[in-house]
$ cat start.cif   # mmCIF, C-alpha atoms and all ligand atoms
data_work
#
loop_
_atom_site.label_atom_id
_atom_site.label_comp_id
_atom_site.auth_asym_id
_atom_site.auth_seq_id
_atom_site.Cartn_x
_atom_site.Cartn_y
_atom_site.Cartn_z
CA MET A 411 37.18 113.39 122.24
CA PRO A 412 40.77 113.07 123.56
CA ALA A 413 42.40 116.24 124.88
CA PHE A 414 44.52 118.32 122.53
CA ASP A 415 43.10 116.63 119.43
CA LEU A 416 44.51 118.30 116.32
CA SER A 417 42.78 116.06 113.77
CA GLY A 418 41.80 117.94 110.62
CA ARG A 419 44.26 120.74 111.30
CA GLN A 420 47.05 121.68 108.89
CA ALA A 421 50.28 122.76 110.57
CA LEU A 422 53.42 124.36 109.17
CA VAL A 423 56.65 124.02 111.16
CA THR A 424 59.57 126.11 109.91
CA GLY A 425 63.06 124.68 110.31
CA GLY A 426 61.42 121.31 110.95
CA GLY A 427 64.19 119.26 109.36
CA GLN A 428 66.12 118.60 112.57
CA GLY A 429 66.49 119.37 116.27
CA VAL A 430 63.69 121.16 118.09
CA GLY A 431 61.64 121.54 114.90
CA GLU A 432 61.63 117.79 114.29
CA GLY A 433 60.34 117.26 117.84
CA ILE A 434 57.54 119.74 117.17
CA VAL A 435 56.63 118.03 113.88
CA ARG A 436 56.43 114.63 115.59
CA ALA A 437 54.33 115.92 118.51
CA LEU A 438 51.81 117.75 116.30
CA ALA A 439 51.47 114.70 114.02
CA ALA A 440 51.02 112.39 117.01
CA HIS A 441 48.02 114.53 118.00
CA GLY A 442 46.46 114.20 114.56
CA ALA A 443 47.66 117.27 112.65
CA ALA A 444 48.79 117.10 109.04
CA VAL A 445 52.21 118.74 109.16
CA ALA A 446 54.09 120.56 106.41
CA VAL A 447 57.78 120.27 107.27
CA ASN A 448 59.63 123.38 106.18
CA ASP A 449 63.39 123.67 105.98
CA LEU A 450 66.00 125.51 103.98
CA HIS A 451 67.38 122.06 103.21
CA ALA A 452 64.80 119.97 101.35
CA ASP A 453 66.72 116.76 102.11
CA ARG A 454 66.41 117.32 105.86
CA ALA A 455 62.68 118.06 105.57
CA SER A 456 62.20 114.92 103.43
CA VAL A 457 63.90 112.63 105.94
CA VAL A 458 61.58 113.88 108.68
CA ALA A 459 58.42 113.96 106.54
CA ASP A 460 59.06 110.42 105.24
CA SER A 461 58.99 109.08 108.79
CA VAL A 462 55.91 110.96 110.00
CA PRO A 463 52.43 109.86 108.90
CA GLY A 464 50.58 112.60 107.03
CA ALA A 465 53.61 114.90 106.82
CA THR A 466 54.66 116.71 103.64
CA VAL A 467 57.75 118.66 102.60
CA ALA A 468 57.62 122.46 102.22
CA ALA A 469 61.18 123.54 101.47
CA PHE A 470 61.72 127.28 101.31
CA ASP A 471 63.79 130.03 102.88
CA VAL A 472 61.69 131.87 105.48
CA THR A 473 63.74 135.03 104.99
CA ASP A 474 62.53 135.26 101.36
CA GLY A 475 59.03 136.78 101.40
CA GLN A 476 58.16 135.68 97.87
CA ALA A 477 59.29 132.11 98.54
CA VAL A 478 57.26 132.03 101.76
CA ALA A 479 54.10 133.30 100.00
CA GLU A 480 54.45 130.68 97.25
CA GLY A 481 55.34 127.90 99.70
CA VAL A 482 52.35 128.63 101.93
CA ALA A 483 50.01 128.86 98.91
CA ALA A 484 51.19 125.39 97.84
CA ILE A 485 50.38 123.94 101.28
CA GLY A 486 46.83 125.35 101.33
CA PRO A 487 45.03 126.70 104.40
CA VAL A 488 47.35 126.65 107.42
CA ASP A 489 45.65 126.37 110.84
CA ILE A 490 48.80 126.14 112.97
CA LEU A 491 52.01 128.03 112.24
CA VAL A 492 55.12 127.27 114.30
CA ASN A 493 57.95 129.72 113.64
CA ASN A 494 60.86 127.54 114.71
CA ALA A 495 63.67 128.31 112.24
CA GLY A 496 65.97 130.60 114.22
CA VAL A 497 69.59 129.53 114.06
CA PRO A 498 71.13 131.14 110.98
CA GLU A 499 73.64 129.13 108.99
CA GLY A 500 77.15 129.98 110.16
CA MET A 501 75.96 131.43 113.47
CA GLY A 502 78.89 132.58 115.54
CA VAL A 503 79.23 133.86 119.07
CA GLY A 504 81.17 136.85 120.29
CA PRO A 505 80.77 140.22 121.98
CA PHE A 506 78.88 142.94 120.12
CA ALA A 507 81.92 145.24 120.28
CA ASP A 508 83.86 142.81 118.09
CA MET A 509 81.12 142.21 115.52
CA ASP A 510 81.32 143.61 112.03
CA PRO A 511 78.05 145.42 111.15
CA GLY A 512 77.84 143.18 108.07
CA GLU A 513 77.17 140.23 110.40
CA TRP A 514 74.12 141.76 112.10
CA ALA A 515 71.47 141.27 109.43
CA LYS A 516 71.35 137.48 109.31
CA TYR A 517 70.17 137.20 112.91
CA VAL A 518 67.39 139.76 112.50
CA ASP A 519 66.46 138.51 109.00
CA LEU A 520 65.81 135.01 110.28
CA ASN A 521 64.42 135.66 113.74
CA LEU A 522 62.30 138.73 113.02
CA TYR A 523 61.71 139.02 109.25
CA GLY A 524 61.33 135.24 108.86
CA VAL A 525 58.57 135.35 111.49
CA LEU A 526 56.93 138.37 109.80
CA HIS A 527 56.92 136.69 106.37
CA CYS A 528 55.38 133.46 107.67
CA CYS A 529 52.77 135.20 109.85
CA HIS A 530 51.79 137.48 106.96
CA ALA A 531 51.38 134.53 104.60
CA VAL A 532 48.98 132.61 106.88
CA LEU A 533 47.12 135.43 108.65
CA GLY A 534 44.59 136.35 105.96
CA GLY A 535 43.33 132.77 105.70
CA MET A 536 43.19 132.35 109.47
CA ARG A 537 41.13 135.53 109.79
CA GLU A 538 38.72 134.38 107.06
CA ARG A 539 38.22 131.01 108.76
CA GLY A 540 37.96 132.59 112.21
CA ARG A 541 40.61 130.43 113.81
CA GLY A 542 44.35 130.02 113.97
CA ARG A 543 47.27 129.23 116.22
CA ILE A 544 50.69 130.86 115.89
CA VAL A 545 53.61 129.80 118.08
CA THR A 546 57.04 131.38 117.79
CA ILE A 547 60.05 129.61 119.25
CA SER A 548 62.08 132.27 121.00
CA SER A 549 64.88 132.00 123.53
CA GLY A 550 65.93 133.13 126.96
CA ALA A 551 68.34 135.32 124.98
CA GLY A 552 65.32 137.31 123.78
CA VAL A 553 64.04 137.83 127.33
CA THR A 554 67.14 138.62 129.35
CA GLY A 555 70.77 139.59 128.86
CA ILE A 556 73.12 136.62 128.68
CA ASN A 557 76.88 137.07 128.59
CA LEU A 558 77.46 134.43 125.91
CA GLY A 559 78.06 136.62 122.86
CA VAL A 560 74.58 136.26 121.34
CA SER A 561 73.41 139.89 121.40
CA LEU A 562 72.10 140.12 117.81
CA TYR A 563 70.46 136.69 118.03
CA GLY A 564 68.83 137.95 121.24
CA ALA A 565 67.75 141.16 119.51
CA GLY A 566 65.99 139.17 116.77
CA LYS A 567 64.38 136.86 119.33
CA GLY A 568 63.24 139.79 121.48
CA GLY A 569 61.87 141.64 118.46
CA ALA A 570 59.76 138.62 117.57
CA ILE A 571 58.41 138.46 121.13
CA ALA A 572 57.27 142.09 120.93
CA PHE A 573 55.77 141.56 117.47
CA MET A 574 53.85 138.48 118.59
CA ARG A 575 52.20 140.41 121.43
CA HIS A 576 50.90 142.96 118.95
CA LEU A 577 49.83 140.26 116.52
CA ALA A 578 47.97 138.51 119.33
CA VAL A 579 45.95 141.52 120.44
CA GLU A 580 45.23 142.69 116.89
CA ASN A 581 43.78 139.28 116.03
CA ALA A 582 42.34 138.10 119.35
CA ARG A 583 38.72 138.66 118.26
CA ALA A 584 39.35 136.68 115.07
CA GLY A 585 39.87 133.40 116.95
CA ILE A 586 43.64 133.50 116.49
CA THR A 587 46.11 133.08 119.33
CA ALA A 588 49.78 134.05 119.12
CA ASN A 589 52.34 133.07 121.75
CA CYS A 590 56.06 132.55 122.20
CA LEU A 591 58.05 129.86 123.93
CA ALA A 592 61.34 131.19 125.26
CA LEU A 593 63.54 128.11 125.35
CA GLY A 594 66.33 127.61 127.80
CA LEU A 595 69.37 125.42 127.37
CA MET A 596 68.61 122.61 124.96
CA ASP A 597 70.58 119.40 124.59
CA ASN A 598 72.51 120.22 121.43
CA LYS A 599 74.36 116.92 121.44
CA ALA A 600 77.52 118.64 122.66
CA ASN A 601 80.11 116.42 124.26
CA ARG A 602 79.03 114.67 127.42
CA GLU A 603 81.28 116.72 129.72
CA VAL A 604 79.85 120.04 128.50
CA THR A 605 76.30 118.70 128.60
CA GLU A 606 76.60 117.48 132.17
CA HIS A 607 78.19 120.74 133.31
CA LEU A 608 75.41 122.82 131.73
CA ALA A 609 72.66 120.53 133.00
CA ARG A 610 73.75 121.13 136.59
CA SER A 611 72.81 124.81 136.24
CA VAL A 612 69.21 123.98 135.28
CA PRO A 613 66.88 123.68 138.30
CA VAL A 614 65.16 120.59 136.85
CA GLY A 615 68.61 119.03 136.45
CA ARG A 616 68.68 118.34 132.75
CA LEU A 617 68.79 120.14 129.42
CA GLY A 618 65.70 120.52 127.24
CA GLN A 619 64.75 117.95 124.61
CA PRO A 620 62.77 118.43 121.39
CA ASP A 621 59.90 116.45 122.95
CA ASP A 622 59.64 119.03 125.77
CA VAL A 623 59.04 121.73 123.17
CA GLY A 624 56.71 119.55 121.12
CA ALA A 625 54.45 118.98 124.13
CA ALA A 626 54.16 122.70 124.87
CA VAL A 627 53.45 123.50 121.21
CA VAL A 628 50.68 120.86 121.09
CA PHE A 629 48.96 122.56 124.01
CA LEU A 630 49.31 126.05 122.54
CA ALA A 631 48.02 124.75 119.18
CA SER A 632 44.97 123.08 120.69
CA ASP A 633 41.39 124.32 120.95
CA GLU A 634 41.77 124.00 124.73
CA ALA A 635 44.34 126.85 124.75
CA ALA A 636 41.88 129.39 123.29
CA TRP A 637 42.24 131.79 126.24
CA LEU A 638 46.03 131.74 126.27
CA THR A 639 47.35 134.44 123.97
CA ALA A 640 49.90 137.29 123.82
CA GLN A 641 52.20 135.40 126.20
CA THR A 642 55.84 134.38 126.30
CA ILE A 643 56.29 131.21 128.32
CA ASN A 644 59.76 130.41 129.63
CA LEU A 645 60.27 126.74 128.74
CA ASP A 646 63.59 126.19 130.43
CA GLY A 647 63.46 123.75 133.33
CA GLY A 648 62.97 126.64 135.76
CA SER A 649 66.05 128.63 134.76
CA LEU A 650 64.44 132.06 134.36
CA PRO A 651 62.07 133.62 136.88
CA SER A 652 58.59 133.69 135.30
N1 LIG B 1 69.17 124.64 120.61
C1 LIG B 1 69.12 125.50 121.63
O1 LIG B 1 69.89 125.43 122.59
C2 LIG B 1 68.09 126.59 121.60
C3 LIG B 1 67.92 127.40 122.74
C4 LIG B 1 66.98 128.41 122.72
C5 LIG B 1 66.19 128.58 121.58
N2 LIG B 1 66.38 127.79 120.49
C6 LIG B 1 65.55 128.03 119.30
O2 LIG B 1 64.91 126.82 118.92
C7 LIG B 1 64.74 126.81 117.50
C8 LIG B 1 65.32 125.54 116.91
O3 LIG B 1 66.68 125.45 117.26
P1 LIG B 1 67.56 124.16 116.92
O4 LIG B 1 68.68 124.14 117.89
O5 LIG B 1 66.69 122.96 116.77
O6 LIG B 1 68.14 124.60 115.47
P2 LIG B 1 68.86 123.72 114.35
O7 LIG B 1 69.89 124.61 113.73
O8 LIG B 1 69.30 122.39 114.89
O9 LIG B 1 67.69 123.44 113.30
C9 LIG B 1 67.00 124.49 112.70
C10 LIG B 1 66.62 124.15 111.28
O10 LIG B 1 66.21 125.38 110.70
C11 LIG B 1 66.61 125.39 109.35
N3 LIG B 1 66.74 126.76 108.85
C12 LIG B 1 67.75 127.65 109.09
N4 LIG B 1 67.53 128.78 108.42
C13 LIG B 1 66.37 128.61 107.73
C14 LIG B 1 65.64 129.41 106.83
N5 LIG B 1 66.08 130.63 106.50
N6 LIG B 1 64.48 128.95 106.31
C15 LIG B 1 64.04 127.70 106.63
N7 LIG B 1 64.70 126.87 107.48
C16 LIG B 1 65.85 127.32 108.01
C17 LIG B 1 67.96 124.68 109.34
O11 LIG B 1 68.27 124.19 108.05
C18 LIG B 1 67.75 123.61 110.41
O12 LIG B 1 67.39 122.37 109.82
C19 LIG B 1 65.40 128.08 116.98
O13 LIG B 1 64.43 129.11 116.84
C20 LIG B 1 66.37 128.44 118.09
O14 LIG B 1 66.67 129.80 118.08
C21 LIG B 1 67.30 126.80 120.46
#
$ encode --input "start.cif" --output "structure tokens"
Amino acid sequence: MPAFDLSGRQALVTGGGQGVGEGIVRALAAHGAAVAVNDLHADRASVVADSVPGATVAAFDVTDGQAVAEGVAAIGPVDILVNNAGVPEGMGVGPFADMDPGEWAKYVDLNLYGVLHCCHAVLGGMRERGRGRIVTISSGAGVTGINLGVSLYGAGKGGAIAFMRHLAVENARAGITANCLALGLMDNKANREVTEHLARSVPVGRLGQPDDVGAAVVFLASDEAAWLTAQTINLDGGSLPS
């Protein structure tokens, strides 16, 4: 059997309609998983699902618990959950001192409550079947302070990291692993000058690509990674000390 074979596994990737999530969808499918592509925007999810063998569309808002429960029920048993949706619509940057309290909730709703809703919806089935893989896409902003005006985003990302550790140890004997990937600077298709400037600060010398994240998720989702749980792995070209 080839390594990291995900044949027969059903995956759900939230926010899979573009960017990092699309890379995760493609990597899981390439290793044999059937992938449900979630996104707030059904059209984005459809474009990705239409080009990936065995992929289906699962459009719902991960911050809406009822919608998540119904969406997951429609997919059927989920073996691999990837909590990737994490950039709220209209995300801005700026120092905490200048933020209106009304702006706080959207970061925590998506990055913490969205993760809680999705984990809750799949966990019972995973426990019954005695196996499951949960991967949450976090950020360096959830691990360390960064002076870029992303404090509430970082708070949501850090909260999810803490939650995932608890989830992992509570469910370790049930054959379920739960881990986070704390991403560093990704290539967000900014203009070339900005991209090259940022890339110089990364020890590996380039920004992250969706494929880099997809490869790490495939490993964490595999049977081979059964002993790797309750961890946050810095996936960042060497930027943060591990
Ligand atoms: N891009 C980076 O530089 C970077 C760095 C560190 C971490 N990350 C993390 O990687 C993940 C993916 O980032 P990206 O840059 O690919 O984001 P993106 O904004 O390009 O794509 C995310 C997708 O999530 C969807 N989405 C947003 N809110 C949703 C909701 N409530 N329910 C369902 N889907 C929703 C969006 O419609 C979008 O298609 C996020 O968790 C982000 O925080 C990104």
$ residues_near_ligand --input "start.cif" --ligand "ligand LIG 1 (chain B)" --cutoff "8 Å" --atoms "only C-alpha atoms and all ligand atoms" --output "JSON, numbers by chain"
{"A": [424, 425, 426, 427, 428, 429, 430, 431, 432, 448, 449, 450, 451, 454, 455, 469, 470, 471, 472, 473, 474, 493, 494, 495, 496, 497, 498, 499, 520, 521, 524, 546, 547, 548, 549, 550, 551, 563, 567, 592, 593, 594, 595, 596, 597, 598, 618, 620]}
$ closest_residue --input "start.cif" --among "A:Ile490, A:Thr554, A:Val525, A:Val604" --to "Pro651 (chain A)" --atoms "only C-alpha atoms"
A:Thr554
$ closest_residue --input "start.cif" --among "A:Ile556, A:Ala437, A:Ala452, A:Met536" --to "Pro505 (chain A)" --atoms "only C-alpha atoms"
A:Ile556
$ closest_residue --input "start.cif" --among "A:Val467, A:Leu645, A:Ile586, A:Ala531" --to "Gln619 (chain A)" --atoms "only C-alpha atoms"
A:Leu645
$ closest_residue --input "start.cif" --among "A:Gly615, A:Ala565, A:Val462, A:Cys528" --to "Ala515 (chain A)" --atoms "only C-alpha atoms"
A:Ala565
$ closest_residue --input "start.cif" --among "A:Gly559, A:Gly648, A:Gly442, A:Gly568" --to "Val503 (chain A)" --atoms "all atoms listed in the file"
A:Gly559
$ closest_residue --input "start.cif" --among "A:Arg419, A:Arg539, A:Arg610, A:Arg436" --to "Asp633 (chain A)" --atoms "all atoms listed in the file"
A:Arg419
$ residues_around --input "start.cif" --residues "Ala578 (chain A)" --least-positions-apart "6" --cutoff "7 Å" --atoms "only C-alpha atoms" --output "ChimeraX atom specification"
/A:587-588,639-640
$ residues_around --input "start.cif" --residues "Gly566 (chain A)" --least-positions-apart "6" --cutoff "8 Å" --atoms "only C-alpha atoms" --output "ChimeraX atom specification"
/A:517-522,552
$ atom_distance --input "start.cif" --atom1 "CA of Ala444 (chain A)" --atom2 "CA of Val457 (chain A)"
16.1 Å
$ atom_distance --input "start.cif" --atom1 "CA of Val492 (chain A)" --atom2 "CA of Val532 (chain A)"
11.0 Å
$ atom_distance --input "start.cif" --atom1 "CA of His530 (chain A)" --atom2 "CA of Gly486 (chain A)"
14.3 Å
$ axis_aligned_box --input "start.cif" --around "region 481-497 of chain A" --padding-each-side "4 Å" --output "lines of an AutoDock Vina configuration file"
center_x = 57.3
center_y = 127.3
center_z = 106.3
size_x = 32.6
size_y = 14.7
size_z = 24.9
$ residues_near_point --input "start.cif" --point "(78.9, 137.2, 110.5)" --cutoff "8 Å" --atoms "only C-alpha atoms" --output "list in words"
Gly500, Met501, Gly502, Met509, Asp510, Gly512, Glu513, Trp514 and Lys516 of chain A
$ residues_around --input "start.cif" --residues "Glu634 (chain A)" --least-positions-apart "5" --cutoff "9 Å" --atoms "only C-alpha atoms" --output "VMD selection string"
chain A and resid 413 to 414 629
